[in-house]
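Okay, query_2.txt is below, compact mmCIF, C-alpha atoms and all ligand atoms:
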# COMPACT_ATOMS: atom_id res chain seq x y z
CA MET C 1 3.58 -15.71 -15.85
CA THR C 2 0.39 -14.29 -14.33
CA ASN C 3 0.76 -10.76 -13.01
CA ALA C 4 -0.08 -10.03 -9.38
CA ILE C 5 -2.25 -7.06 -10.38
CA GLU C 6 -3.68 -6.17 -13.77
CA MET C 7 -5.96 -3.27 -14.61
CA HIS C 8 -7.43 -2.96 -18.08
CA GLY C 9 -9.28 0.12 -19.28
CA VAL C 10 -10.37 1.02 -15.75
CA GLU C 11 -12.50 4.12 -15.40
CA LYS C 12 -13.96 5.76 -12.32
CA SER C 13 -16.32 8.71 -12.28
CA PHE C 14 -17.67 10.69 -9.36
CA GLY C 15 -20.85 12.23 -10.72
CA ILE C 16 -19.91 13.78 -14.04
CA THR C 17 -16.18 13.94 -13.22
CA LYS C 18 -14.12 11.11 -14.65
CA VAL C 19 -11.22 10.81 -12.21
CA ILE C 20 -9.71 7.60 -13.61
CA GLN C 21 -9.67 7.63 -17.38
CA GLY C 22 -8.97 4.18 -18.75
CA VAL C 23 -6.06 3.03 -16.60
CA THR C 24 -4.12 0.00 -17.80
CA LEU C 25 -1.47 -1.15 -15.37
CA SER C 26 0.30 -4.40 -14.63
CA VAL C 27 2.35 -5.27 -11.57
CA ALA C 28 4.44 -8.41 -11.97
CA LYS C 29 4.61 -10.98 -9.18
CA GLY C 30 7.46 -10.21 -6.81
CA GLU C 31 8.21 -6.73 -8.12
CA ARG C 32 8.21 -3.45 -6.22
CA HIS C 33 6.17 -1.05 -8.28
CA ALA C 34 5.68 2.63 -7.50
CA LEU C 35 2.71 4.68 -8.62
CA ILE C 36 3.65 8.35 -8.82
CA GLY C 37 1.99 11.51 -10.08
CA PRO C 38 0.89 14.99 -9.09
CA ASN C 39 -1.66 15.72 -6.36
CA GLY C 40 -5.14 14.76 -7.43
CA ALA C 41 -3.93 12.50 -10.27
CA GLY C 42 -5.97 9.60 -8.90
CA LYS C 43 -3.39 7.50 -7.05
CA SER C 44 -5.46 6.94 -3.89
CA THR C 45 -8.53 6.30 -6.02
CA THR C 46 -6.56 3.64 -7.91
CA PHE C 47 -5.67 2.02 -4.56
CA ASN C 48 -9.33 2.17 -3.51
CA LEU C 49 -10.33 0.47 -6.76
CA ILE C 50 -7.75 -2.33 -6.47
CA SER C 51 -8.56 -3.01 -2.81
CA GLY C 52 -12.34 -2.99 -3.28
CA TYR C 53 -13.13 0.22 -1.37
CA MET C 54 -14.51 1.64 -4.61
CA LYS C 55 -16.01 -0.04 -7.63
CA PRO C 56 -14.84 1.01 -11.09
CA THR C 57 -17.36 2.57 -13.44
CA SER C 58 -15.94 0.24 -16.12
CA GLY C 59 -12.92 -1.94 -16.86
CA THR C 60 -11.39 -5.06 -15.33
CA ILE C 61 -9.11 -5.60 -12.35
CA LEU C 62 -7.39 -8.94 -11.83
CA LEU C 63 -5.59 -10.16 -8.72
CA ASN C 64 -3.33 -13.12 -9.46
CA GLY C 65 -5.30 -13.62 -12.68
CA GLN C 66 -8.75 -13.57 -11.06
CA ASP C 67 -11.38 -10.90 -11.59
CA ILE C 68 -11.97 -9.01 -8.33
CA VAL C 69 -14.30 -6.25 -9.49
CA GLY C 70 -17.31 -6.04 -7.21
CA LEU C 71 -15.73 -8.03 -4.35
CA PRO C 72 -15.78 -6.33 -0.94
CA PRO C 73 -12.41 -5.39 0.63
CA PHE C 74 -12.35 -8.32 3.10
CA GLN C 75 -12.74 -10.85 0.29
CA ILE C 76 -9.96 -9.23 -1.73
CA ASN C 77 -7.89 -9.33 1.45
CA ARG C 78 -8.61 -13.03 1.83
CA ARG C 79 -7.34 -13.56 -1.70
CA GLY C 80 -3.97 -12.22 -0.64
CA LEU C 81 -4.02 -8.42 -0.97
CA SER C 82 -3.47 -6.10 1.96
CA ARG C 83 -3.24 -2.31 2.00
CA SER C 84 -2.24 0.51 4.29
CA PHE C 85 -3.89 3.91 4.32
CA GLN C 86 -2.53 7.42 3.80
CA VAL C 87 -3.62 8.39 7.29
CA THR C 88 -2.28 6.42 10.24
CA ASN C 89 -4.80 3.78 11.08
CA VAL C 90 -3.96 2.12 14.40
CA PHE C 91 -5.93 1.67 17.62
CA ALA C 92 -4.47 4.46 19.75
CA LYS C 93 -5.44 3.06 23.16
CA MET C 94 -4.25 -0.47 22.49
CA THR C 95 -0.59 -1.33 22.94
CA VAL C 96 1.71 -2.12 20.04
CA TRP C 97 1.46 -5.82 20.95
CA GLU C 98 -2.36 -5.73 21.10
CA ASN C 99 -2.61 -3.93 17.75
CA LEU C 100 -0.42 -6.53 16.05
CA ARG C 101 -2.09 -9.43 17.83
CA CYS C 102 -5.48 -8.17 16.71
CA ALA C 103 -4.29 -8.19 13.08
CA VAL C 104 -2.78 -11.67 13.47
CA LEU C 105 -5.96 -13.01 15.14
CA TRP C 106 -8.01 -11.68 12.27
CA ALA C 107 -5.68 -13.23 9.72
CA THR C 108 -5.42 -16.62 11.41
CA GLY C 109 -9.17 -17.09 11.61
CA HIS C 110 -9.47 -16.40 15.36
CA ARG C 111 -11.38 -13.21 14.77
CA TYR C 112 -14.21 -14.06 17.13
CA ALA C 113 -12.00 -15.48 19.88
CA PHE C 114 -12.45 -12.52 22.23
CA TRP C 115 -13.38 -14.81 25.10
CA LYS C 116 -10.26 -16.94 24.80
CA ASN C 117 -6.88 -16.29 26.35
CA VAL C 118 -5.48 -15.36 22.97
CA ASP C 119 -1.90 -15.08 24.21
CA ALA C 120 -2.09 -18.80 24.94
CA LEU C 121 -2.47 -19.57 21.24
CA PRO C 122 1.13 -20.37 20.26
CA GLU C 123 0.82 -19.60 16.54
CA VAL C 124 -0.71 -16.21 17.32
CA ARG C 125 1.91 -15.37 19.94
CA GLU C 126 4.81 -16.44 17.73
CA ARG C 127 3.59 -14.62 14.65
CA THR C 128 2.90 -11.44 16.64
CA ALA C 129 6.39 -11.59 18.17
CA GLN C 130 7.97 -12.11 14.75
CA ILE C 131 6.25 -9.06 13.26
CA LEU C 132 7.12 -6.99 16.33
CA GLN C 133 10.74 -7.84 15.68
CA ASP C 134 10.47 -7.26 11.92
CA ILE C 135 9.19 -3.72 12.44
CA SER C 136 11.85 -3.03 15.13
CA LEU C 137 9.37 -2.18 17.89
CA VAL C 138 10.30 -4.87 20.45
CA SER C 139 11.28 -2.22 23.01
CA ARG C 140 7.91 -0.47 22.52
CA ARG C 141 5.83 -3.64 22.90
CA ASP C 142 3.64 -2.45 25.78
CA VAL C 143 3.30 1.20 24.81
CA PRO C 144 -0.17 2.38 23.71
CA ALA C 145 0.01 3.02 19.97
CA GLY C 146 -1.18 6.59 20.46
CA LEU C 147 2.01 7.38 22.39
CA LEU C 148 4.40 6.16 19.68
CA THR C 149 6.28 8.65 17.54
CA TYR C 150 4.77 9.27 14.15
CA ALA C 151 7.42 7.15 12.40
CA GLU C 152 6.83 4.31 14.88
CA GLN C 153 3.08 4.47 14.21
CA ARG C 154 3.72 4.17 10.48
CA ALA C 155 5.97 1.16 11.12
CA LEU C 156 3.24 -0.40 13.25
CA GLU C 157 0.78 0.22 10.47
CA ILE C 158 3.01 -1.63 8.00
CA GLY C 159 3.25 -4.46 10.55
CA ILE C 160 -0.55 -4.60 10.70
CA THR C 161 -0.73 -4.54 6.90
CA ILE C 162 1.60 -7.54 6.50
CA ALA C 163 0.34 -9.44 9.57
CA GLY C 164 -2.04 -11.51 7.49
CA GLY C 165 0.78 -12.82 5.30
CA ALA C 166 -0.66 -11.18 2.16
CA ASP C 167 1.52 -11.73 -0.88
CA VAL C 168 0.43 -8.46 -2.52
CA VAL C 169 0.93 -5.34 -0.41
CA LEU C 170 -0.28 -1.81 -1.19
CA LEU C 171 1.33 1.01 0.78
CA ASP C 172 -0.07 4.53 0.51
CA GLU C 173 2.60 7.16 1.22
CA PRO C 174 4.33 5.20 3.98
CA THR C 175 7.04 7.82 4.57
CA ALA C 176 4.86 10.94 4.40
CA GLY C 177 5.70 13.34 7.23
CA MET C 178 8.94 11.58 8.21
CA SER C 179 12.36 13.16 8.65
CA HIS C 180 15.17 12.20 6.27
CA ALA C 181 16.66 9.72 8.76
CA GLU C 182 13.26 8.19 9.54
CA THR C 183 12.56 7.86 5.82
CA GLU C 184 15.83 6.02 5.24
CA ARG C 185 15.02 3.58 8.04
CA ALA C 186 11.47 3.11 6.74
CA VAL C 187 12.73 2.33 3.22
CA GLU C 188 15.09 -0.32 4.58
CA GLN C 189 12.25 -1.80 6.59
CA ILE C 190 9.85 -1.81 3.64
CA ARG C 191 12.49 -3.46 1.47
CA ARG C 192 13.01 -6.18 4.07
CA LEU C 193 9.32 -6.71 4.87
CA THR C 194 8.30 -7.00 1.23
CA GLU C 195 11.04 -9.49 0.31
CA GLY C 196 9.36 -12.24 -1.72
CA ARG C 197 6.08 -10.30 -1.95
CA THR C 198 4.63 -7.94 -4.54
CA LEU C 199 4.59 -4.28 -3.55
CA LEU C 200 2.61 -1.43 -5.07
CA ILE C 201 3.48 1.83 -3.38
CA VAL C 202 2.17 5.39 -3.75
CA GLU C 203 4.86 7.83 -2.74
CA HIS C 204 5.71 11.49 -3.29
CA ASP C 205 9.33 11.29 -2.08
CA MET C 206 11.35 10.60 -5.21
CA SER C 207 14.37 9.33 -3.29
CA VAL C 208 12.11 6.61 -1.85
CA VAL C 209 10.59 5.82 -5.24
CA PHE C 210 13.86 5.64 -7.13
CA GLY C 211 15.59 3.77 -4.31
CA LEU C 212 12.91 1.14 -3.85
CA ALA C 213 11.01 0.51 -7.06
CA ASP C 214 11.87 -2.03 -9.76
CA ARG C 215 9.34 -0.32 -12.01
CA ILE C 216 7.40 2.92 -11.86
CA SER C 217 4.08 3.98 -13.38
CA VAL C 218 3.23 7.65 -13.74
CA LEU C 219 -0.37 8.70 -13.35
CA VAL C 220 -1.43 12.14 -14.60
CA TYR C 221 -5.06 13.29 -14.72
CA GLY C 222 -6.28 9.72 -14.24
CA GLU C 223 -4.15 8.24 -17.02
CA VAL C 224 -0.96 6.19 -16.90
CA ILE C 225 1.34 8.17 -19.17
CA ALA C 226 4.40 5.92 -18.73
CA THR C 227 5.58 2.68 -17.11
CA GLY C 228 9.21 1.62 -16.92
CA THR C 229 12.34 1.09 -14.89
CA PRO C 230 13.57 4.04 -12.78
CA ALA C 231 16.11 4.88 -15.52
CA GLU C 232 13.45 4.78 -18.23
CA ILE C 233 11.10 6.99 -16.21
CA ARG C 234 13.85 9.45 -15.38
CA GLY C 235 14.67 9.77 -19.07
CA ASN C 236 11.07 9.97 -20.29
CA LYS C 237 10.33 13.35 -21.87
CA LYS C 238 6.57 13.16 -21.30
CA VAL C 239 7.09 12.38 -17.59
CA LYS C 240 9.52 15.25 -17.18
CA GLU C 241 7.07 17.66 -18.73
CA ALA C 242 4.07 16.44 -16.78
CA TYR C 243 5.55 15.69 -13.39
CA LEU C 244 9.20 15.23 -12.54
CA GLY C 245 10.53 18.40 -14.15
CA GLU C 246 14.02 18.90 -15.46
CA GLU C 247 15.70 18.49 -12.06
CA ALA C 248 15.12 14.72 -12.19
CA ALA C 249 17.30 14.39 -15.31
N1 LIG K 301 -15.23 10.14 -3.12
C1 LIG K 301 -14.93 11.10 -3.98
N2 LIG K 301 -15.90 11.92 -4.50
C2 LIG K 301 -15.60 12.89 -5.39
N3 LIG K 301 -14.36 13.15 -5.84
C3 LIG K 301 -13.37 12.39 -5.38
C4 LIG K 301 -13.58 11.34 -4.42
N4 LIG K 301 -12.39 10.74 -4.14
C5 LIG K 301 -11.47 11.41 -4.88
N5 LIG K 301 -12.06 12.39 -5.61
C6 LIG K 301 -11.36 13.32 -6.55
O1 LIG K 301 -10.62 12.50 -7.43
C7 LIG K 301 -9.39 13.16 -7.78
C8 LIG K 301 -8.24 12.18 -7.50
O2 LIG K 301 -8.10 12.05 -6.09
P1 LIG K 301 -7.03 11.07 -5.43
O3 LIG K 301 -7.13 11.26 -3.95
O4 LIG K 301 -7.19 9.72 -5.98
O5 LIG K 301 -5.67 11.69 -5.98
P2 LIG K 301 -4.19 11.39 -5.52
O6 LIG K 301 -3.39 11.23 -6.77
O7 LIG K 301 -4.15 10.27 -4.56
O8 LIG K 301 -3.79 12.75 -4.81
P3 LIG K 301 -2.76 13.03 -3.59
O9 LIG K 301 -1.40 12.82 -4.17
O10 LIG K 301 -3.03 14.48 -3.28
O11 LIG K 301 -3.11 12.10 -2.47
C9 LIG K 301 -9.33 14.43 -6.98
O12 LIG K 301 -9.72 15.48 -7.82
C10 LIG K 301 -10.33 14.21 -5.88
O13 LIG K 301 -10.91 15.42 -5.46
So, in terms of C-alpha cells, how does the structure I just supplied come out?
Amino acid sequence: MTNAIEMHGVEKSFGITKVIQGVTLSVAKGERHALIGPNGAGKSTTFNLISGYMKPTSGTILLNGQDIVGLPPFQINRRGLSRSFQVTNVFAKMTVWENLRCAVLWATGHRYAFWKNVDALPEVRERTAQILQDISLVSRRDVPAGLLTYAEQRALEIGITIAGGADVVLLDEPTAGMSHAETERAVEQIRRLTEGRTLLIVEHDMSVVFGLADRISVLVYGEVIATGTPAEIRGNKKVKEAYLGEEAA
C-alpha cells in the first residue's frame, strides 16, 4: 500500500550547516507516527520540509505517492495535508466560531465570499458546528480566541488544522505548556480527531508519545537513528544513549 508520507535521502542546509542529513522516513496511511528527538535535532525543519514551508536541498518527499517537492504550502494542503504550528496561531480578536468558520470557508472553496452572509451557507455552518463540538468548545463559541485559556487555544488550533478535512495531519508539540490534566484531555481529543486519518506528531512529552503513537521515529542531529513501535524504541540501545536515557527502560 502507498504510504501517506515518504521521505528519501532528504537533506536541508542553511548556508554551510547541514541541518537535515539524509532523512528517510515513511508514515503509513492511517497510522499515528511520532517524531521525537533532542532540541535542535531538526524536527520542526522536517515539518517545514513536508508541508512546503521549506524546500529540501536534495532528496524526495512523497505525499500519498506523489512528489511534492517544490510545491507551495497551499498546494500541498489542497492535496490533503494540514499542519499546526509550535506557536499558537489563531486570530485573537475573532471569536472561536469565526476562527473555525474562516478555516471551513477556506477549505470549502468559499474563501473569497466575504460579502456573503456566510452563516447562511448550510454546509459551512454545519461543518463549523461539528468541529466546535469535536474540540469541546461549544460553551466558548462566542469568546474571542485571545481570551481562551492556553489549552483551549491549542484545541482551537487543532480544530482549525482539521477543518479542511485533510487526511494527513501534522501536529507540532500540541501539548507543550499544558498541565498534566490538560495534556491528558488533549491526547484523548487528538486520538478522537485523528481517527481514520494519518497523524505525524512532534512531541517532547514522552507520556503523550508512548500513549498515542503506533510507531515512533527518532531524529538526532538531522538523522533518523531508529523507527519502530513504542516497545521497540523503548528497548533500542542507540535511542537510549542518544535521547531517552536509561529511565525510559
Ligand atoms: N531558517 C533557519 N536558518 C538557519 N538555521 C536554522 C533555521 N531553521 C532552523 N535552523 C537550525 O536548524 C537546527 C534544527 O532546528 P529545528 O527547529 O528543526 O529543531 P527541532 O528538533 O524542532 O528543535 P526543538 O525541539 O527545540 O523545537 C537548529 O540548529 C536550528 O538553529
Practice item. Can you tell me which residues come within 8 Å of ligand LIG 301 (chain K) when counting all atoms listed in the file, ideally as a VMD selection string? Key: chain C and resid 14 to 15 17 19 to 20 36 to 47 86 204 219 221 to 222
Kindly save the residues from that selection, with C-alpha atoms included, as a short mmCIF file (atom, residue, chain, number, x, y, z; two decimals), keeping the file's coordinate frame.
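Ended up saving to result-v2.cif:
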data_model
loop_
_atom_site.label_atom_id
_atom_site.label_comp_id
_atom_site.auth_asym_id
_atom_site.auth_seq_id
_atom_site.Cartn_x
_atom_site.Cartn_y
_atom_site.Cartn_z
CA PHE C 14 -17.67 10.69 -9.36
CA GLY C 15 -20.85 12.23 -10.72
CA THR C 17 -16.18 13.94 -13.22
CA VAL C 19 -11.22 10.81 -12.21
CA ILE C 20 -9.71 7.60 -13.61
CA ILE C 36 3.65 8.35 -8.82
CA GLY C 37 1.99 11.51 -10.08
CA PRO C 38 0.89 14.99 -9.09
CA ASN C 39 -1.66 15.72 -6.36
CA GLY C 40 -5.14 14.76 -7.43
CA ALA C 41 -3.93 12.50 -10.27
CA GLY C 42 -5.97 9.60 -8.90
CA LYS C 43 -3.39 7.50 -7.05
CA SER C 44 -5.46 6.94 -3.89
CA THR C 45 -8.53 6.30 -6.02
CA THR C 46 -6.56 3.64 -7.91
CA PHE C 47 -5.67 2.02 -4.56
CA GLN C 86 -2.53 7.42 3.80
CA HIS C 204 5.71 11.49 -3.29
CA LEU C 219 -0.37 8.70 -13.35
CA TYR C 221 -5.06 13.29 -14.72
CA GLY C 222 -6.28 9.72 -14.24
#
Exercise for review: Mind giving me the straight-line distance from CA of Gly164 (chain C) to CA of Gly30 (chain C) in Å, one decimal?
Suggested key: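 Rounded to one decimal, the two atoms are 17.2 Å apart.
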Point to revise | Closest of C:Thr57, C:Thr194, C:Gln66, C:Gln189 to Gln133 (chain C) - atom-to-atom distances counting only C-alpha atoms | key: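 Counting only C-alpha atoms, the residue closest to Gln133 (chain C) is C:Gln189.
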Review point. Please, what distance in Å, to one decimal, runs between CA of Thr175 (chain C) and CA of Ser82 (chain C)?
Key: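 Straight-line distance from CA of Thr175 (chain C) to CA of Ser82 (chain C) works out to 17.6 Å.
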Point to revise | Nearest residue to Ala34 (chain C) from the set C:Leu81, C:Ala186, C:Ala176, C:Leu170 (distances using all atoms listed in the file) | key: C:Leu170
Exercise for review: In the coordinate frame of the file, compute which residues have an atom within 9 Å of (11.0, 4.1, -6.1) when using only C-alpha atoms, and state them as a list in words.
Suggested key: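 These residues have at least one counted atom within 9 Å: Arg32, His33, Ala34, Leu35, Ile36, Ile201, Glu203, Asp205, Met206, Ser207, Val208, Val209, Phe210, Gly211, Leu212, Ala213, Asp214, Arg215, Ile216 and Pro230 of chain C.
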